[in-house]
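Enquirer: PDB, C-alpha atoms, pLDDT in the B column, saved as input_0.pdb, coming up:
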```
MODEL        1
ATOM      1  CA  MET A   1       0.000   0.000   0.000  1.00 70.00           C
ATOM      2  CA  THR A   2       1.231   3.427  -0.953  1.00 81.00           C
ATOM      3  CA  ALA A   3       0.633   6.941   0.332  1.00 83.00           C
ATOM      4  CA  GLY A   4      -1.702   7.369  -2.632  1.00 82.00           C
ATOM      5  CA  PHE A   5      -3.856   4.515  -1.326  1.00 83.00           C
ATOM      6  CA  PHE A   6      -4.331   6.252   2.030  1.00 87.00           C
ATOM      7  CA  LEU A   7      -4.906   9.686   0.492  1.00 89.00           C
ATOM      8  CA  GLN A   8      -7.465   8.253  -1.907  1.00 85.00           C
ATOM      9  CA  ASN A   9      -9.419   6.573   0.869  1.00 85.00           C
ATOM     10  CA  ILE A  10      -9.176   9.571   3.189  1.00 89.00           C
ATOM     11  CA  GLY A  11     -10.768  11.604   0.401  1.00 88.00           C
ATOM     12  CA  LEU A  12     -13.349   8.887  -0.149  1.00 84.00           C
ATOM     13  CA  GLY A  13     -14.142   8.811   3.567  1.00 88.00           C
ATOM     14  CA  ALA A  14     -14.516  12.582   3.704  1.00 89.00           C
ATOM     15  CA  GLY A  15     -16.858  12.539   0.731  1.00 86.00           C
ATOM     16  CA  LEU A  16     -19.004   9.701   2.025  1.00 84.00           C
ATOM     17  CA  SER A  17     -19.274  11.260   5.477  1.00 89.00           C
ATOM     18  CA  MET A  18     -20.703  14.589   4.273  1.00 89.00           C
ATOM     19  CA  ASP A  19     -24.335  13.461   4.460  1.00 88.00           C
ATOM     20  CA  ALA A  20     -23.855  11.856   7.878  1.00 92.00           C
ATOM     21  CA  SER A  21     -22.088  15.005   9.092  1.00 92.00           C
ATOM     22  CA  ALA A  22     -24.984  17.191   7.952  1.00 90.00           C
ATOM     23  CA  VAL A  23     -27.427  14.907   9.776  1.00 92.00           C
ATOM     24  CA  SER A  24     -25.209  15.092  12.874  1.00 93.00           C
ATOM     25  CA  MET A  25     -25.428  18.867  12.739  1.00 92.00           C
ATOM     26  CA  SER A  26     -29.201  18.559  12.404  1.00 89.00           C
ATOM     27  CA  ASN A  27     -29.292  16.361  15.506  1.00 92.00           C
ATOM     28  CA  GLY A  28     -27.160  18.889  17.374  1.00 91.00           C
ATOM     29  CA  LEU A  29     -29.614  21.637  16.437  1.00 87.00           C
ATOM     30  CA  ASN A  30     -32.501  19.495  17.619  1.00 86.00           C
ATOM     31  CA  GLU A  31     -30.849  18.385  20.859  1.00 88.00           C
ATOM     32  CA  PRO A  32     -28.353  21.031  22.039  1.00 87.00           C
ATOM     33  CA  LYS A  33     -28.015  19.356  25.456  1.00 88.00           C
ATOM     34  CA  MET A  34     -27.028  15.982  24.011  1.00 91.00           C
ATOM     35  CA  LYS A  35     -24.563  14.235  26.316  1.00 92.00           C
ATOM     36  CA  VAL A  36     -21.068  13.275  25.203  1.00 94.00           C
ATOM     37  CA  GLY A  37     -21.797   9.530  25.425  1.00 94.00           C
ATOM     38  CA  LYS A  38     -24.779   9.877  23.129  1.00 94.00           C
ATOM     39  CA  LYS A  39     -22.783  11.944  20.645  1.00 95.00           C
ATOM     40  CA  ILE A  40     -20.105   9.266  20.553  1.00 96.00           C
ATOM     41  CA  LEU A  41     -22.746   6.566  20.033  1.00 96.00           C
ATOM     42  CA  MET A  42     -24.333   8.571  17.228  1.00 96.00           C
ATOM     43  CA  ALA A  43     -21.046   9.210  15.421  1.00 96.00           C
ATOM     44  CA  ALA A  44     -19.949   5.588  15.916  1.00 97.00           C
ATOM     45  CA  THR A  45     -23.233   4.326  14.441  1.00 97.00           C
ATOM     46  CA  TYR A  46     -22.854   6.490  11.350  1.00 96.00           C
ATOM     47  CA  ALA A  47     -19.207   5.419  11.058  1.00 96.00           C
ATOM     48  CA  PHE A  48     -20.134   1.742  11.268  1.00 96.00           C
ATOM     49  CA  PHE A  49     -22.795   2.011   8.563  1.00 95.00           C
ATOM     50  CA  GLN A  50     -20.588   4.101   6.280  1.00 94.00           C
ATOM     51  CA  ALA A  51     -17.829   1.482   6.551  1.00 94.00           C
ATOM     52  CA  ALA A  52     -20.132  -1.543   6.354  1.00 94.00           C
ATOM     53  CA  MET A  53     -21.922  -0.518   3.152  1.00 92.00           C
ATOM     54  CA  PRO A  54     -18.815  -0.467   0.907  1.00 91.00           C
ATOM     55  CA  ILE A  55     -17.736  -3.822   2.346  1.00 93.00           C
ATOM     56  CA  ALA A  56     -21.212  -5.224   1.653  1.00 91.00           C
ATOM     57  CA  GLY A  57     -20.967  -3.923  -1.904  1.00 88.00           C
ATOM     58  CA  TYR A  58     -17.464  -5.364  -2.215  1.00 87.00           C
ATOM     59  CA  PHE A  59     -18.694  -8.861  -1.433  1.00 87.00           C
ATOM     60  CA  ALA A  60     -22.093  -8.548  -3.146  1.00 83.00           C
ATOM     61  CA  GLY A  61     -20.587  -7.840  -6.542  1.00 72.00           C
ATOM     62  CA  HIS A  62     -21.820  -6.153  -9.703  1.00 68.00           C
ATOM     63  CA  ALA A  63     -24.925  -8.284 -10.285  1.00 71.00           C
ATOM     64  CA  PHE A  64     -26.531  -7.411  -6.950  1.00 73.00           C
ATOM     65  CA  ILE A  65     -25.590  -3.726  -7.026  1.00 70.00           C
ATOM     66  CA  ASP A  66     -26.795  -3.336 -10.613  1.00 73.00           C
ATOM     67  CA  LYS A  67     -30.138  -4.843  -9.619  1.00 78.00           C
ATOM     68  CA  ILE A  68     -30.869  -2.633  -6.610  1.00 76.00           C
ATOM     69  CA  GLY A  69     -28.803   0.386  -7.663  1.00 74.00           C
ATOM     70  CA  PRO A  70     -31.662   2.334  -9.316  1.00 81.00           C
ATOM     71  CA  TYR A  71     -33.733   2.135  -6.113  1.00 80.00           C
ATOM     72  CA  ILE A  72     -31.030   3.255  -3.657  1.00 80.00           C
ATOM     73  CA  PRO A  73     -31.416   7.044  -4.130  1.00 83.00           C
ATOM     74  CA  TRP A  74     -35.197   6.781  -3.821  1.00 87.00           C
ATOM     75  CA  ILE A  75     -34.965   4.742  -0.612  1.00 85.00           C
ATOM     76  CA  ALA A  76     -32.696   7.391   0.911  1.00 83.00           C
ATOM     77  CA  LEU A  77     -35.047  10.160  -0.242  1.00 85.00           C
ATOM     78  CA  VAL A  78     -38.163   8.550   1.266  1.00 89.00           C
ATOM     79  CA  LEU A  79     -36.462   7.860   4.607  1.00 85.00           C
ATOM     80  CA  LEU A  80     -35.043  11.366   4.958  1.00 85.00           C
ATOM     81  CA  LEU A  81     -38.249  13.047   3.764  1.00 89.00           C
ATOM     82  CA  PHE A  82     -40.117  11.137   6.472  1.00 85.00           C
ATOM     83  CA  LEU A  83     -37.624  12.020   9.209  1.00 82.00           C
ATOM     84  CA  GLY A  84     -37.289  15.628   8.082  1.00 83.00           C
ATOM     85  CA  GLY A  85     -41.036  16.109   7.788  1.00 86.00           C
ATOM     86  CA  LYS A  86     -41.550  14.660  11.251  1.00 80.00           C
ATOM     87  CA  MET A  87     -38.950  17.006  12.727  1.00 77.00           C
ATOM     88  CA  ILE A  88     -40.563  20.022  11.076  1.00 83.00           C
ATOM     89  CA  MET A  89     -43.990  19.065  12.415  1.00 84.00           C
ATOM     90  CA  ASP A  90     -42.529  18.516  15.887  1.00 75.00           C
ATOM     91  CA  GLY A  91     -40.850  21.922  15.739  1.00 74.00           C
ATOM     92  CA  ILE A  92     -44.088  23.630  14.740  1.00 79.00           C
ATOM     93  CA  LYS A  93     -46.008  21.872  17.517  1.00 76.00           C
ATOM     94  CA  ASP A  94     -43.358  22.764  20.100  1.00 69.00           C
ATOM     95  CA  GLY A  95     -43.541  26.378  19.030  1.00 65.00           C
ATOM     96  CA  ARG A  96     -47.280  26.389  19.658  1.00 66.00           C
ATOM     97  CA  LYS A  97     -47.119  24.548  22.949  1.00 64.00           C
ATOM     98  CA  LYS A  98     -45.053  26.978  24.963  1.00 53.00           C
ATOM     99  CA  THR A  99     -46.438  26.622  28.441  1.00 45.00           C
ATOM    100  CA  ALA A 100     -46.460  29.500  30.848  1.00 44.00           C
ATOM    101  CA  GLU A 101     -45.948  29.629  34.571  1.00 42.00           C
ATOM    102  CA  THR A 102     -47.188  32.458  36.704  1.00 42.00           C
ATOM    103  CA  ALA A 103     -44.459  33.885  38.880  1.00 43.00           C
ATOM    104  CA  ALA A 104     -45.080  35.056  42.414  1.00 45.00           C
ATOM    105  CA  ASP A 105     -45.095  38.665  41.272  1.00 47.00           C
ATOM    106  CA  GLY A 106     -47.785  37.904  38.689  1.00 47.00           C
ATOM    107  CA  GLU A 107     -45.524  38.021  35.643  1.00 46.00           C
ATOM    108  CA  THR A 108     -45.834  35.333  32.982  1.00 44.00           C
ATOM    109  CA  VAL A 109     -42.719  33.333  32.282  1.00 41.00           C
ATOM    110  CA  ALA A 110     -42.409  31.045  29.266  1.00 43.00           C
ATOM    111  CA  ALA A 111     -41.375  27.565  30.294  1.00 41.00           C
ATOM    112  CA  ALA A 112     -38.556  25.772  28.559  1.00 45.00           C
ATOM    113  CA  GLU A 113     -39.516  23.899  25.445  1.00 48.00           C
ATOM    114  CA  VAL A 114     -39.259  20.147  25.438  1.00 49.00           C
ATOM    115  CA  LYS A 115     -37.640  19.009  22.193  1.00 55.00           C
ATOM    116  CA  PRO A 116     -37.962  15.496  20.819  1.00 60.00           C
ATOM    117  CA  LYS A 117     -34.697  13.651  21.446  1.00 76.00           C
ATOM    118  CA  LEU A 118     -32.810  11.341  19.126  1.00 84.00           C
ATOM    119  CA  GLY A 119     -33.926   7.747  19.717  1.00 88.00           C
ATOM    120  CA  VAL A 120     -32.324   4.476  18.689  1.00 90.00           C
ATOM    121  CA  LYS A 121     -34.834   3.787  15.892  1.00 91.00           C
ATOM    122  CA  THR A 122     -34.409   7.251  14.413  1.00 91.00           C
ATOM    123  CA  LEU A 123     -30.625   6.970  14.683  1.00 94.00           C
ATOM    124  CA  LEU A 124     -30.608   3.653  12.796  1.00 94.00           C
ATOM    125  CA  VAL A 125     -32.890   4.995  10.066  1.00 93.00           C
ATOM    126  CA  GLN A 126     -30.659   8.058   9.684  1.00 92.00           C
ATOM    127  CA  ALA A 127     -27.555   5.873   9.497  1.00 93.00           C
ATOM    128  CA  LEU A 128     -29.132   3.645   6.844  1.00 92.00           C
ATOM    129  CA  ALA A 129     -30.469   6.549   4.789  1.00 90.00           C
ATOM    130  CA  THR A 130     -27.129   8.392   4.701  1.00 88.00           C
ATOM    131  CA  SER A 131     -25.000   5.312   4.007  1.00 90.00           C
ATOM    132  CA  ILE A 132     -27.031   3.146   1.623  1.00 87.00           C
ATOM    133  CA  ASP A 133     -25.633   4.940  -1.426  1.00 79.00           C
ATOM    134  CA  ALA A 134     -22.155   3.815  -0.304  1.00 84.00           C
ATOM    135  CA  LEU A 135     -23.038   0.276  -1.411  1.00 83.00           C
ATOM    136  CA  SER A 136     -21.876   1.184  -4.904  1.00 79.00           C
ATOM    137  CA  VAL A 137     -18.486   2.225  -3.514  1.00 81.00           C
ATOM    138  CA  GLY A 138     -17.852  -1.480  -3.023  1.00 80.00           C
ATOM    139  CA  LEU A 139     -17.584  -1.774  -6.795  1.00 77.00           C
ATOM    140  CA  SER A 140     -14.926   0.926  -6.977  1.00 76.00           C
ATOM    141  CA  ILE A 141     -12.754  -1.025  -4.546  1.00 79.00           C
ATOM    142  CA  SER A 142     -13.539  -4.427  -6.060  1.00 78.00           C
ATOM    143  CA  ASP A 143      -9.958  -4.784  -7.306  1.00 80.00           C
ATOM    144  CA  TYR A 144      -8.613  -4.464  -3.755  1.00 85.00           C
ATOM    145  CA  GLU A 145      -7.384  -7.424  -1.768  1.00 88.00           C
ATOM    146  CA  ILE A 146      -9.663  -8.224   1.176  1.00 90.00           C
ATOM    147  CA  TYR A 147      -7.265  -6.700   3.709  1.00 91.00           C
ATOM    148  CA  GLU A 148      -7.023  -3.527   1.603  1.00 91.00           C
ATOM    149  CA  ALA A 149     -10.817  -3.264   1.456  1.00 91.00           C
ATOM    150  CA  MET A 150     -10.961  -3.619   5.235  1.00 94.00           C
ATOM    151  CA  ILE A 151      -8.341  -0.905   5.715  1.00 94.00           C
ATOM    152  CA  ALA A 152     -10.269   1.364   3.333  1.00 92.00           C
ATOM    153  CA  ALA A 153     -13.435   0.749   5.357  1.00 94.00           C
ATOM    154  CA  ALA A 154     -11.574   1.555   8.583  1.00 95.00           C
ATOM    155  CA  ILE A 155     -10.345   4.850   7.110  1.00 95.00           C
ATOM    156  CA  ILE A 156     -13.900   5.701   6.029  1.00 94.00           C
ATOM    157  CA  ALA A 157     -15.140   4.924   9.542  1.00 95.00           C
ATOM    158  CA  VAL A 158     -12.515   7.135  11.208  1.00 95.00           C
ATOM    159  CA  MET A 159     -13.235  10.035   8.857  1.00 95.00           C
ATOM    160  CA  THR A 160     -16.986   9.699   9.365  1.00 95.00           C
ATOM    161  CA  PHE A 161     -16.700   9.517  13.152  1.00 97.00           C
ATOM    162  CA  SER A 162     -14.398  12.539  13.350  1.00 96.00           C
ATOM    163  CA  LEU A 163     -16.440  14.786  11.065  1.00 95.00           C
ATOM    164  CA  CYS A 164     -19.748  13.792  12.686  1.00 96.00           C
ATOM    165  CA  MET A 165     -18.416  14.670  16.132  1.00 96.00           C
ATOM    166  CA  ILE A 166     -17.331  18.091  14.879  1.00 95.00           C
ATOM    167  CA  ALA A 167     -20.674  18.632  13.140  1.00 94.00           C
ATOM    168  CA  VAL A 168     -22.831  17.776  16.158  1.00 95.00           C
ATOM    169  CA  PHE A 169     -20.862  20.239  18.324  1.00 93.00           C
ATOM    170  CA  ILE A 170     -21.476  22.963  15.729  1.00 92.00           C
ATOM    171  CA  GLY A 171     -25.171  22.109  15.651  1.00 91.00           C
ATOM    172  CA  GLN A 172     -25.400  22.329  19.435  1.00 90.00           C
ATOM    173  CA  LYS A 173     -23.916  25.821  19.454  1.00 88.00           C
ATOM    174  CA  PHE A 174     -26.680  27.102  17.196  1.00 84.00           C
ATOM    175  CA  GLY A 175     -29.395  24.889  18.688  1.00 77.00           C
ATOM    176  CA  ASP A 176     -29.240  26.690  22.006  1.00 70.00           C
ATOM    177  CA  LYS A 177     -29.739  30.047  20.312  1.00 72.00           C
ATOM    178  CA  LEU A 178     -32.485  29.101  17.862  1.00 71.00           C
ATOM    179  CA  GLY A 179     -34.820  27.263  20.251  1.00 64.00           C
ATOM    180  CA  ALA A 180     -37.811  25.595  18.554  1.00 63.00           C
ATOM    181  CA  LYS A 181     -36.691  26.971  15.187  1.00 73.00           C
ATOM    182  CA  ALA A 182     -33.647  24.679  15.430  1.00 72.00           C
ATOM    183  CA  VAL A 183     -35.885  21.608  15.175  1.00 73.00           C
ATOM    184  CA  ILE A 184     -37.521  22.980  12.028  1.00 80.00           C
ATOM    185  CA  LEU A 185     -34.115  23.863  10.553  1.00 78.00           C
ATOM    186  CA  GLY A 186     -32.869  20.371  11.368  1.00 75.00           C
ATOM    187  CA  GLY A 187     -35.835  18.865   9.505  1.00 80.00           C
ATOM    188  CA  ILE A 188     -35.192  21.089   6.496  1.00 87.00           C
ATOM    189  CA  ILE A 189     -31.557  19.940   6.462  1.00 82.00           C
ATOM    190  CA  LEU A 190     -32.646  16.285   6.384  1.00 81.00           C
ATOM    191  CA  ILE A 191     -35.014  16.938   3.480  1.00 88.00           C
ATOM    192  CA  ILE A 192     -32.291  18.779   1.547  1.00 88.00           C
ATOM    193  CA  ILE A 193     -29.894  15.881   2.131  1.00 83.00           C
ATOM    194  CA  GLY A 194     -32.504  13.412   0.868  1.00 84.00           C
ATOM    195  CA  ILE A 195     -33.081  15.464  -2.285  1.00 88.00           C
ATOM    196  CA  GLU A 196     -29.323  15.826  -2.830  1.00 83.00           C
ATOM    197  CA  ILE A 197     -28.743  12.075  -2.528  1.00 78.00           C
ATOM    198  CA  CYS A 198     -31.605  11.353  -4.913  1.00 83.00           C
ATOM    199  CA  VAL A 199     -30.603  13.934  -7.524  1.00 85.00           C
ATOM    200  CA  THR A 200     -26.975  12.832  -7.361  1.00 80.00           C
ATOM    201  CA  GLY A 201     -27.901   9.152  -7.633  1.00 74.00           C
ATOM    202  CA  VAL A 202     -30.509   9.513 -10.381  1.00 75.00           C
ATOM    203  CA  LEU A 203     -29.036  12.297 -12.529  1.00 72.00           C
ATOM    204  CA  GLY A 204     -25.401  11.869 -11.590  1.00 66.00           C
ATOM    205  CA  VAL A 205     -24.977  15.504 -10.592  1.00 56.00           C
ATOM    206  CA  GLY A 206     -24.298  16.917  -7.141  1.00 54.00           C
ATOM    207  CA  PHE A 207     -25.347  20.192  -5.580  1.00 52.00           C
TER
ENDMDL
END
```
Mind turning the file's structure into C-alpha cells?
Expert:
Amino acid sequence: MTAGFFLQNIGLGAGLSMDASAVSMSNGLNEPKMKVGKKILMAATYAFFQAAMPIAGYFAGHAFIDKIGPYIPWIALVLLLFLGGKMIMDGIKDGRKKTAETAADGETVAAAEVKPKLGVKTLLVQALATSIDALSVGLSISDYEIYEAMIAAAIIAVMTFSLCMIAVFIGQKFGDKLGAKAVILGGIILIIIGIEICVTGVLGVGF
C-alpha cells in the first residue's frame, strides 16, 4: 500500500461522510443538550454504517448492485423526507405549545420547550439513509485485496466519526440560540440531504 492509497481513501471517507455530518449537525440543532456519550454513540453508528456498506458492496458484486442500484437514491429520499417532515412538524407543535408559569409577582414566564430527542430507531434509520448509497463504492474497490478493502473501510469509519463529532458540536452551538426553530431547521436539512442524494444518484450531478 502506498501513500496514494491512504490519500485516496481519506478523500473517499470525507466525501461519504458529508451526508452523515450534515445529519449530525441537524441532531445537534434538535438536541443542544445531548450528552457526550450519546454523541459518541451517534457518530460511531454512522461510522459503522458508512464502513459496512462499501464492504457489503465489495462482497455482493456487480450483479446485486446493478439490480438494486436504481432504487437506492429513492430509498434514501423517502427515509429522509419522512424524518425531516416529522422534525418540522414537531418543531411547529413545540412552538405552539409553549407553556407559561405564573411567577409570584404575577408576571408570565415562558417555560422551557421540550424538544424530541434522538432515539435508537431514528438513529438507525438516519444511518441507513445516509450510508445506503455507499453500497456502490464497493464496486470501486472491487480490485482491492480483502485486507485492503478492510483498511479502506476503517479509514472511512474514522473520517466519518471525526467529522460527525465536529458537526454535532457545531449544531449544538446554534441549537441553544435558535430554540424551537432549530428543530424545524434540522428537519429542512434532512429533506435537503434526501433530495441531494436522490438527484446525485438519479441524474449523476451533485449540488
Enquirer: Once the PyMOL selection byres ((chain A and resi 16-18) around 10) has been evaluated on this model, what residues remain selected, and can you format them as a PyMOL selection string?
Expert: chain A and resi 10-15+19-24+46-47+50-51+130-131+133-134+137+156-164+167+193
Enquirer: Within 12 Å of Met34 of chain A, counting only C-alpha atoms, which residues qualify if same-chain residues fewer than 2 places away don't, as a count of residues only?
Expert: 28
Enquirer: Could you tell me how far atom CA of Ser142 of chain A sits from atom CA of Lys67 of chain A, in Å to one decimal place?
Expert: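 Computing it gives 17.0 Å between the two atoms.
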Enquirer: Mind pulling up the distance from atom CA of Ile197 of chain A to atom CA of Ala76 of chain A?
Expert: 7.0 Å
Enquirer: Choose the residue, out of A:Leu77, A:Ala43, A:Ala56, A:Glu148, that has the smallest atom-to-atom separation from Thr2 of chain A; count all atoms listed in the file.
Expert: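 Of A:Leu77, A:Ala43, A:Ala56, A:Glu148, the one nearest Thr2 of chain A is A:Glu148, counting all atoms listed in the file.
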Enquirer: Axis-aligned box over every listed atom of segment 152-158 of chain A, padded by 6 Å per side: centre and edges in Å to one decimal, as JSON?
Expert:
```
{"center_x": -12.7, "center_y": 3.9, "center_z": 7.3, "size_x": 16.9, "size_y": 18.4, "size_z": 19.9}
```
Enquirer: Might you spell out which residues the PyMOL selection byres ((chain A and resi 55) around 9) would select in the displayed file, as an NGL selection string?
Expert: :A and (51-54 or 56-60 or 135 or 137-138 or 141 or 149-150 or 153)
Enquirer: Mind giving me the straight-line distance from atom CA of Leu139 of chain A to atom CA of Leu80 of chain A in Å, one decimal?
Expert: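 Atom-to-atom, atom CA of Leu139 of chain A to atom CA of Leu80 of chain A, that is 24.8 Å.
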Enquirer: Kindly resolve the PyMOL selection byres ((chain A and resi 86-88) around 12) on the present coordinates and return the residues as JSON, numbers by chain.
Expert: {"A": [26, 27, 29, 30, 31, 79, 80, 81, 82, 83, 84, 85, 89, 90, 91, 92, 93, 94, 95, 115, 116, 117, 118, 122, 180, 181, 182, 183, 184, 185, 186, 187, 188, 189, 190, 191]}
Enquirer: Atoms to include: C-alpha atoms. Write the selected residues as a compact mmCIF listing (two decimals), in the frame of the given file.
Expert:
```
# COMPACT_ATOMS: atom_id res chain seq x y z
CA SER A 26 -29.20 18.56 12.40
CA ASN A 27 -29.29 16.36 15.51
CA LEU A 29 -29.61 21.64 16.44
CA ASN A 30 -32.50 19.50 17.62
CA GLU A 31 -30.85 18.39 20.86
CA LEU A 79 -36.46 7.86 4.61
CA LEU A 80 -35.04 11.37 4.96
CA LEU A 81 -38.25 13.05 3.76
CA PHE A 82 -40.12 11.14 6.47
CA LEU A 83 -37.62 12.02 9.21
CA GLY A 84 -37.29 15.63 8.08
CA GLY A 85 -41.04 16.11 7.79
CA MET A 89 -43.99 19.07 12.42
CA ASP A 90 -42.53 18.52 15.89
CA GLY A 91 -40.85 21.92 15.74
CA ILE A 92 -44.09 23.63 14.74
CA LYS A 93 -46.01 21.87 17.52
CA ASP A 94 -43.36 22.76 20.10
CA GLY A 95 -43.54 26.38 19.03
CA LYS A 115 -37.64 19.01 22.19
CA PRO A 116 -37.96 15.50 20.82
CA LYS A 117 -34.70 13.65 21.45
CA LEU A 118 -32.81 11.34 19.13
CA THR A 122 -34.41 7.25 14.41
CA ALA A 180 -37.81 25.60 18.55
CA LYS A 181 -36.69 26.97 15.19
CA ALA A 182 -33.65 24.68 15.43
CA VAL A 183 -35.88 21.61 15.18
CA ILE A 184 -37.52 22.98 12.03
CA LEU A 185 -34.12 23.86 10.55
CA GLY A 186 -32.87 20.37 11.37
CA GLY A 187 -35.84 18.86 9.51
CA ILE A 188 -35.19 21.09 6.50
CA ILE A 189 -31.56 19.94 6.46
CA LEU A 190 -32.65 16.28 6.38
CA ILE A 191 -35.01 16.94 3.48
```
Enquirer: Taking into account all atoms listed in the file, which residue in the set A:Leu178, A:Ala152, A:Val125, A:Ile132 is nearest to Gly69 of chain A?
Expert: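 Residue with the minimum atom-to-atom distance to Gly69 of chain A: A:Ile132.
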Enquirer: Atoms are missing here; could segment 173-198 of chain A be completed with N, CA and C atoms and written as a compact mmCIF listing (two decimals), in the frame of the given file?
Expert:
```txt
# COMPACT_ATOMS: atom_id res chain seq x y z
N LYS A 173 -24.17 24.41 19.21
CA LYS A 173 -23.92 25.82 19.45
C LYS A 173 -25.07 26.69 18.95
N PHE A 174 -25.58 26.33 17.77
CA PHE A 174 -26.68 27.10 17.20
C PHE A 174 -28.03 26.67 17.75
N GLY A 175 -28.14 25.40 18.16
CA GLY A 175 -29.40 24.89 18.69
C GLY A 175 -29.86 25.62 19.93
N ASP A 176 -28.91 25.96 20.78
CA ASP A 176 -29.24 26.69 22.01
C ASP A 176 -29.81 28.07 21.70
N LYS A 177 -29.33 28.69 20.64
CA LYS A 177 -29.74 30.05 20.31
C LYS A 177 -31.06 30.09 19.55
N LEU A 178 -31.32 29.07 18.74
CA LEU A 178 -32.48 29.10 17.86
C LEU A 178 -33.76 28.57 18.50
N GLY A 179 -33.63 27.80 19.57
CA GLY A 179 -34.82 27.26 20.25
C GLY A 179 -35.60 26.32 19.35
N ALA A 180 -36.94 26.48 19.32
CA ALA A 180 -37.81 25.60 18.55
C ALA A 180 -37.51 25.66 17.06
N LYS A 181 -37.00 26.82 16.60
CA LYS A 181 -36.69 26.97 15.19
C LYS A 181 -35.58 26.01 14.77
N ALA A 182 -34.74 25.59 15.73
CA ALA A 182 -33.65 24.68 15.43
C ALA A 182 -34.18 23.33 14.97
N VAL A 183 -35.29 22.89 15.56
CA VAL A 183 -35.88 21.61 15.18
C VAL A 183 -36.38 21.68 13.74
N ILE A 184 -37.02 22.79 13.39
CA ILE A 184 -37.52 22.98 12.03
C ILE A 184 -36.35 23.04 11.05
N LEU A 185 -35.30 23.77 11.41
CA LEU A 185 -34.12 23.86 10.55
C LEU A 185 -33.47 22.50 10.38
N GLY A 186 -33.42 21.72 11.46
CA GLY A 186 -32.87 20.37 11.37
C GLY A 186 -33.66 19.51 10.40
N GLY A 187 -34.98 19.62 10.43
CA GLY A 187 -35.84 18.86 9.51
C GLY A 187 -35.61 19.28 8.07
N ILE A 188 -35.45 20.58 7.85
CA ILE A 188 -35.19 21.09 6.50
C ILE A 188 -33.87 20.54 5.97
N ILE A 189 -32.87 20.47 6.86
CA ILE A 189 -31.56 19.94 6.46
C ILE A 189 -31.69 18.49 6.01
N LEU A 190 -32.46 17.69 6.76
CA LEU A 190 -32.65 16.28 6.38
C LEU A 190 -33.30 16.16 5.02
N ILE A 191 -34.31 16.98 4.77
CA ILE A 191 -35.01 16.94 3.48
C ILE A 191 -34.07 17.32 2.34
N ILE A 192 -33.25 18.36 2.56
CA ILE A 192 -32.29 18.78 1.55
C ILE A 192 -31.29 17.67 1.26
N ILE A 193 -30.84 16.99 2.31
CA ILE A 193 -29.89 15.88 2.13
C ILE A 193 -30.54 14.77 1.30
N GLY A 194 -31.80 14.44 1.62
CA GLY A 194 -32.50 13.41 0.87
C GLY A 194 -32.62 13.76 -0.60
N ILE A 195 -32.96 15.02 -0.89
CA ILE A 195 -33.08 15.46 -2.28
C ILE A 195 -31.72 15.41 -2.98
N GLU A 196 -30.67 15.83 -2.25
CA GLU A 196 -29.32 15.83 -2.83
C GLU A 196 -28.88 14.41 -3.18
N ILE A 197 -29.12 13.46 -2.27
CA ILE A 197 -28.74 12.08 -2.53
C ILE A 197 -29.49 11.53 -3.74
N CYS A 198 -30.78 11.85 -3.82
CA CYS A 198 -31.60 11.35 -4.91
C CYS A 198 -31.18 11.96 -6.25
```
